[in-house]
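Structure, as structure tokens:
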Amino acid sequence: MPEPSGPPLHHWPDGRLLSAVARRIERAWDAHLAHWDLTHASLPVLVHLLDGPRSQRELAALLDVTEQTTSRILARLERTRYVTRTAHPEDRRRYVIAVTAAGRAALAAASDPRPAEDSVLGVLSGAQRAELRALLLAVHPPV
């Protein structure tokens, strides 16, 4: 096996470690969500739509992404029939997005994060996982 390049893990800055672990969890989460043709980016859209229809612009703001990114996510969700996108009744340049019954069912079935998190964080004890969560919440800015 070739020698890894760069410093060993215990020399990595905290940010690099957090980023690497986050990417592993994201890949595991996407693999889990693929059973329903969802991704880590599309699942929050369905969550936001549970409160009722929203414009594409509102969703982009809630997701903190561009409207162009939101449009790509919505196109995929439309293909799977998890959302509908209809013209806004008062502004033809805007769309109203609503979750469908199929979207609600997929969200209910896919929402459990445990399979993805366990595949990465399963090496930690319950106490360690609770401590990790508390630390992450402590450093995350309030929303």
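Naming scheme: A, B, ... for chains in displayed order of the structure tokens; residues 1 onward per chain; ligands 1 onward as shown.
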
**Message:** as a ChimeraX atom specification, please: every residue in chain A that DSSP puts in strand (DSSP E or B).
**Reply:** /A:54-55,83-87,95-99

Take the residues that were just selected and, keeping C-alpha atoms, output them as a PDB file, in the first residue's frame.
ATOM      1  CA  ARG A  54     -43.733  28.271  -1.930  1.00  0.00           C
ATOM      2  CA  SER A  55     -42.171  30.192  -4.757  1.00  0.00           C
ATOM      3  CA  VAL A  83     -43.324  18.228  -6.483  1.00  0.00           C
ATOM      4  CA  THR A  84     -45.421  20.202  -8.900  1.00  0.00           C
ATOM      5  CA  ARG A  85     -44.338  23.519 -10.349  1.00  0.00           C
ATOM      6  CA  THR A  86     -47.125  25.722 -11.672  1.00  0.00           C
ATOM      7  CA  ALA A  87     -47.216  29.278 -12.927  1.00  0.00           C
ATOM      8  CA  TYR A  95     -43.604  29.514 -10.156  1.00  0.00           C
ATOM      9  CA  VAL A  96     -45.451  28.023  -7.208  1.00  0.00           C
ATOM     10  CA  ILE A  97     -43.956  24.781  -5.955  1.00  0.00           C
ATOM     11  CA  ALA A  98     -46.009  22.231  -4.008  1.00  0.00           C
ATOM     12  CA  VAL A  99     -45.191  18.810  -2.598  1.00  0.00           C
TER      13      VAL A  99
END

**Prompt:** Where does DSSP see helix (DSSP H, G or I) in region 87-142 of chain A, if you list the residues as a ChimeraX atom specification?
**Reply:** /A:101-110,114-121,126-139

Store the residues of this selection in a file with N, CA and C atoms, as a tab-separated table (two decimals), in the first residue's frame.
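Ended up saving to out28.tsv:
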chain	number	residue	atom	x	y	z
A	101	ALA	N	-48.35	13.97	-2.97
A	101	ALA	CA	-48.51	12.84	-2.04
A	101	ALA	C	-47.30	11.91	-2.13
A	102	ALA	N	-46.80	11.70	-3.34
A	102	ALA	CA	-45.61	10.85	-3.51
A	102	ALA	C	-44.40	11.48	-2.83
A	103	GLY	N	-44.29	12.80	-2.90
A	103	GLY	CA	-43.19	13.50	-2.24
A	103	GLY	C	-43.29	13.37	-0.72
A	104	ARG	N	-44.50	13.49	-0.20
A	104	ARG	CA	-44.69	13.32	1.26
A	104	ARG	C	-44.32	11.90	1.69
A	105	ALA	N	-44.72	10.92	0.90
A	105	ALA	CA	-44.41	9.52	1.23
A	105	ALA	C	-42.90	9.27	1.17
A	106	ALA	N	-42.24	9.79	0.15
A	106	ALA	CA	-40.78	9.61	0.03
A	106	ALA	C	-40.07	10.28	1.21
A	107	LEU	N	-40.51	11.47	1.56
A	107	LEU	CA	-39.91	12.18	2.69
A	107	LEU	C	-40.07	11.38	3.98
A	108	ALA	N	-41.25	10.86	4.21
A	108	ALA	CA	-41.50	10.08	5.43
A	108	ALA	C	-40.62	8.83	5.47
A	109	ALA	N	-40.45	8.19	4.33
A	109	ALA	CA	-39.67	6.95	4.28
A	109	ALA	C	-38.17	7.21	4.36
A	110	ALA	N	-37.70	8.31	3.80
A	110	ALA	CA	-36.26	8.55	3.66
A	110	ALA	C	-35.65	9.40	4.76
A	114	ARG	N	-30.31	7.99	10.60
A	114	ARG	CA	-29.48	7.02	11.32
A	114	ARG	C	-28.65	6.10	10.41
A	115	PRO	N	-29.19	5.54	9.33
A	115	PRO	CA	-28.34	4.66	8.52
A	115	PRO	C	-27.07	5.36	8.00
A	116	ALA	N	-27.22	6.58	7.52
A	116	ALA	CA	-26.06	7.31	7.00
A	116	ALA	C	-25.11	7.70	8.13
A	117	GLU	N	-25.67	8.23	9.20
A	117	GLU	CA	-24.82	8.66	10.32
A	117	GLU	C	-24.13	7.47	10.98
A	118	ASP	N	-24.85	6.37	11.13
A	118	ASP	CA	-24.26	5.19	11.76
A	118	ASP	C	-23.10	4.63	10.94
A	119	SER	N	-23.19	4.73	9.62
A	119	SER	CA	-22.12	4.19	8.78
A	119	SER	C	-20.81	4.94	8.98
A	120	VAL	N	-20.88	6.19	9.42
A	120	VAL	CA	-19.68	6.99	9.64
A	120	VAL	C	-19.39	7.14	11.13
A	121	LEU	N	-20.41	7.42	11.91
A	121	LEU	CA	-20.21	7.71	13.33
A	121	LEU	C	-20.39	6.49	14.23
A	126	GLY	N	-22.33	6.04	22.39
A	126	GLY	CA	-23.48	6.94	22.49
A	126	GLY	C	-23.11	8.26	23.16
A	127	ALA	N	-22.30	8.18	24.21
A	127	ALA	CA	-21.88	9.40	24.92
A	127	ALA	C	-21.00	10.28	24.01
A	128	GLN	N	-20.12	9.64	23.25
A	128	GLN	CA	-19.26	10.41	22.34
A	128	GLN	C	-20.09	11.10	21.26
A	129	ARG	N	-21.10	10.39	20.75
A	129	ARG	CA	-21.95	10.99	19.72
A	129	ARG	C	-22.75	12.16	20.29
A	130	ALA	N	-23.23	12.01	21.51
A	130	ALA	CA	-23.96	13.11	22.16
A	130	ALA	C	-23.04	14.30	22.37
A	131	GLU	N	-21.80	14.04	22.77
A	131	GLU	CA	-20.84	15.12	22.97
A	131	GLU	C	-20.50	15.79	21.65
A	132	LEU	N	-20.32	15.00	20.59
A	132	LEU	CA	-20.04	15.56	19.27
A	132	LEU	C	-21.19	16.47	18.83
A	133	ARG	N	-22.40	16.00	19.01
A	133	ARG	CA	-23.57	16.80	18.63
A	133	ARG	C	-23.61	18.11	19.41
A	134	ALA	N	-23.37	18.04	20.70
A	134	ALA	CA	-23.37	19.25	21.53
A	134	ALA	C	-22.29	20.22	21.06
A	135	LEU	N	-21.13	19.72	20.71
A	135	LEU	CA	-20.04	20.58	20.23
A	135	LEU	C	-20.39	21.21	18.89
A	136	LEU	N	-20.96	20.42	18.00
A	136	LEU	CA	-21.35	20.97	16.69
A	136	LEU	C	-22.41	22.05	16.85
A	137	LEU	N	-23.38	21.82	17.73
A	137	LEU	CA	-24.40	22.84	17.98
A	137	LEU	C	-23.80	24.09	18.59
A	138	ALA	N	-22.77	23.92	19.41
A	138	ALA	CA	-22.14	25.06	20.06
A	138	ALA	C	-21.40	25.96	19.05
A	139	VAL	N	-20.84	25.36	18.01
A	139	VAL	CA	-20.08	26.16	17.04
A	139	VAL	C	-20.92	26.60	15.84

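If only C-alpha atoms are the atoms counted, then among A:His10, A:Arg94, A:His40, A:Arg76 the closest residue to Arg27 (chain A) is A:His40.
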
**Complete:** Using only C-alpha atoms, the best pick from A:Ser111, A:Thr80, A:Gln56, A:Gln68 as closest to Arg93 (chain A) would be A:Gln56

**Prompt:** Taking into account only C-alpha atoms, which residue in the set A:Pro113, A:Gly15, A:Ser125, A:Leu63 is nearest to Ala31 (chain A)?
**Reply:** A:Pro113

**Item:** Proximity to Val47 (chain A) - best of A:Ser71, A:Tyr82, A:His140, A:His32, only C-alpha atoms
**Value:**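 Using only C-alpha atoms, Val47 (chain A) sits closest to A:Tyr82.
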
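For the choices A:Leu50, A:Leu38, A:Ala60, A:Leu43, the atom-to-atom distance to Arg79 (chain A) is smallest for A:Leu38 when using only C-alpha atoms.
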
Would you pick out the contacts of Leu59 (chain A) at 9 Å or less, using only C-alpha atoms, so that residues sharing its chain but fewer than 5 positions from it are not included, and give the list as a JSON list (two decimals) with C-alpha atoms, in the first residue's frame?
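Writing done, so here's around.json:
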[["chain", "number", "residue", "atom", "x", "y", "z"],
["A", 45, "VAL", "CA", -36.96, 21.19, -0.32],
["A", 48, "HIS", "CA", -39.89, 23.24, 3.49],
["A", 49, "LEU", "CA", -42.87, 22.41, 1.29],
["A", 54, "ARG", "CA", -43.73, 28.27, -1.93],
["A", 64, "ASP", "CA", -29.39, 29.51, 1.09],
["A", 65, "VAL", "CA", -28.62, 28.62, -2.54],
["A", 67, "GLU", "CA", -32.31, 30.28, -7.77],
["A", 70, "THR", "CA", -32.97, 25.55, -6.79],
["A", 97, "ILE", "CA", -43.96, 24.78, -5.96]]

**Item:** Point-to-point distance from CA of Pro142 (chain A) to CA of Leu62 (chain A), Å rounded to tenths
**Value:** 14.3 Å

**Item:** Å distance separating CA of Asp14 (chain A) from CA of Asp30 (chain A), one decimal place
**Value:** 24.0 Å

**Prompt:** Looking at A:Trp29, A:His88, A:Ser42, A:Leu74, which one is nearest to Asp112 (chain A), with distances taken over only C-alpha atoms?
**Reply:** A:Trp29
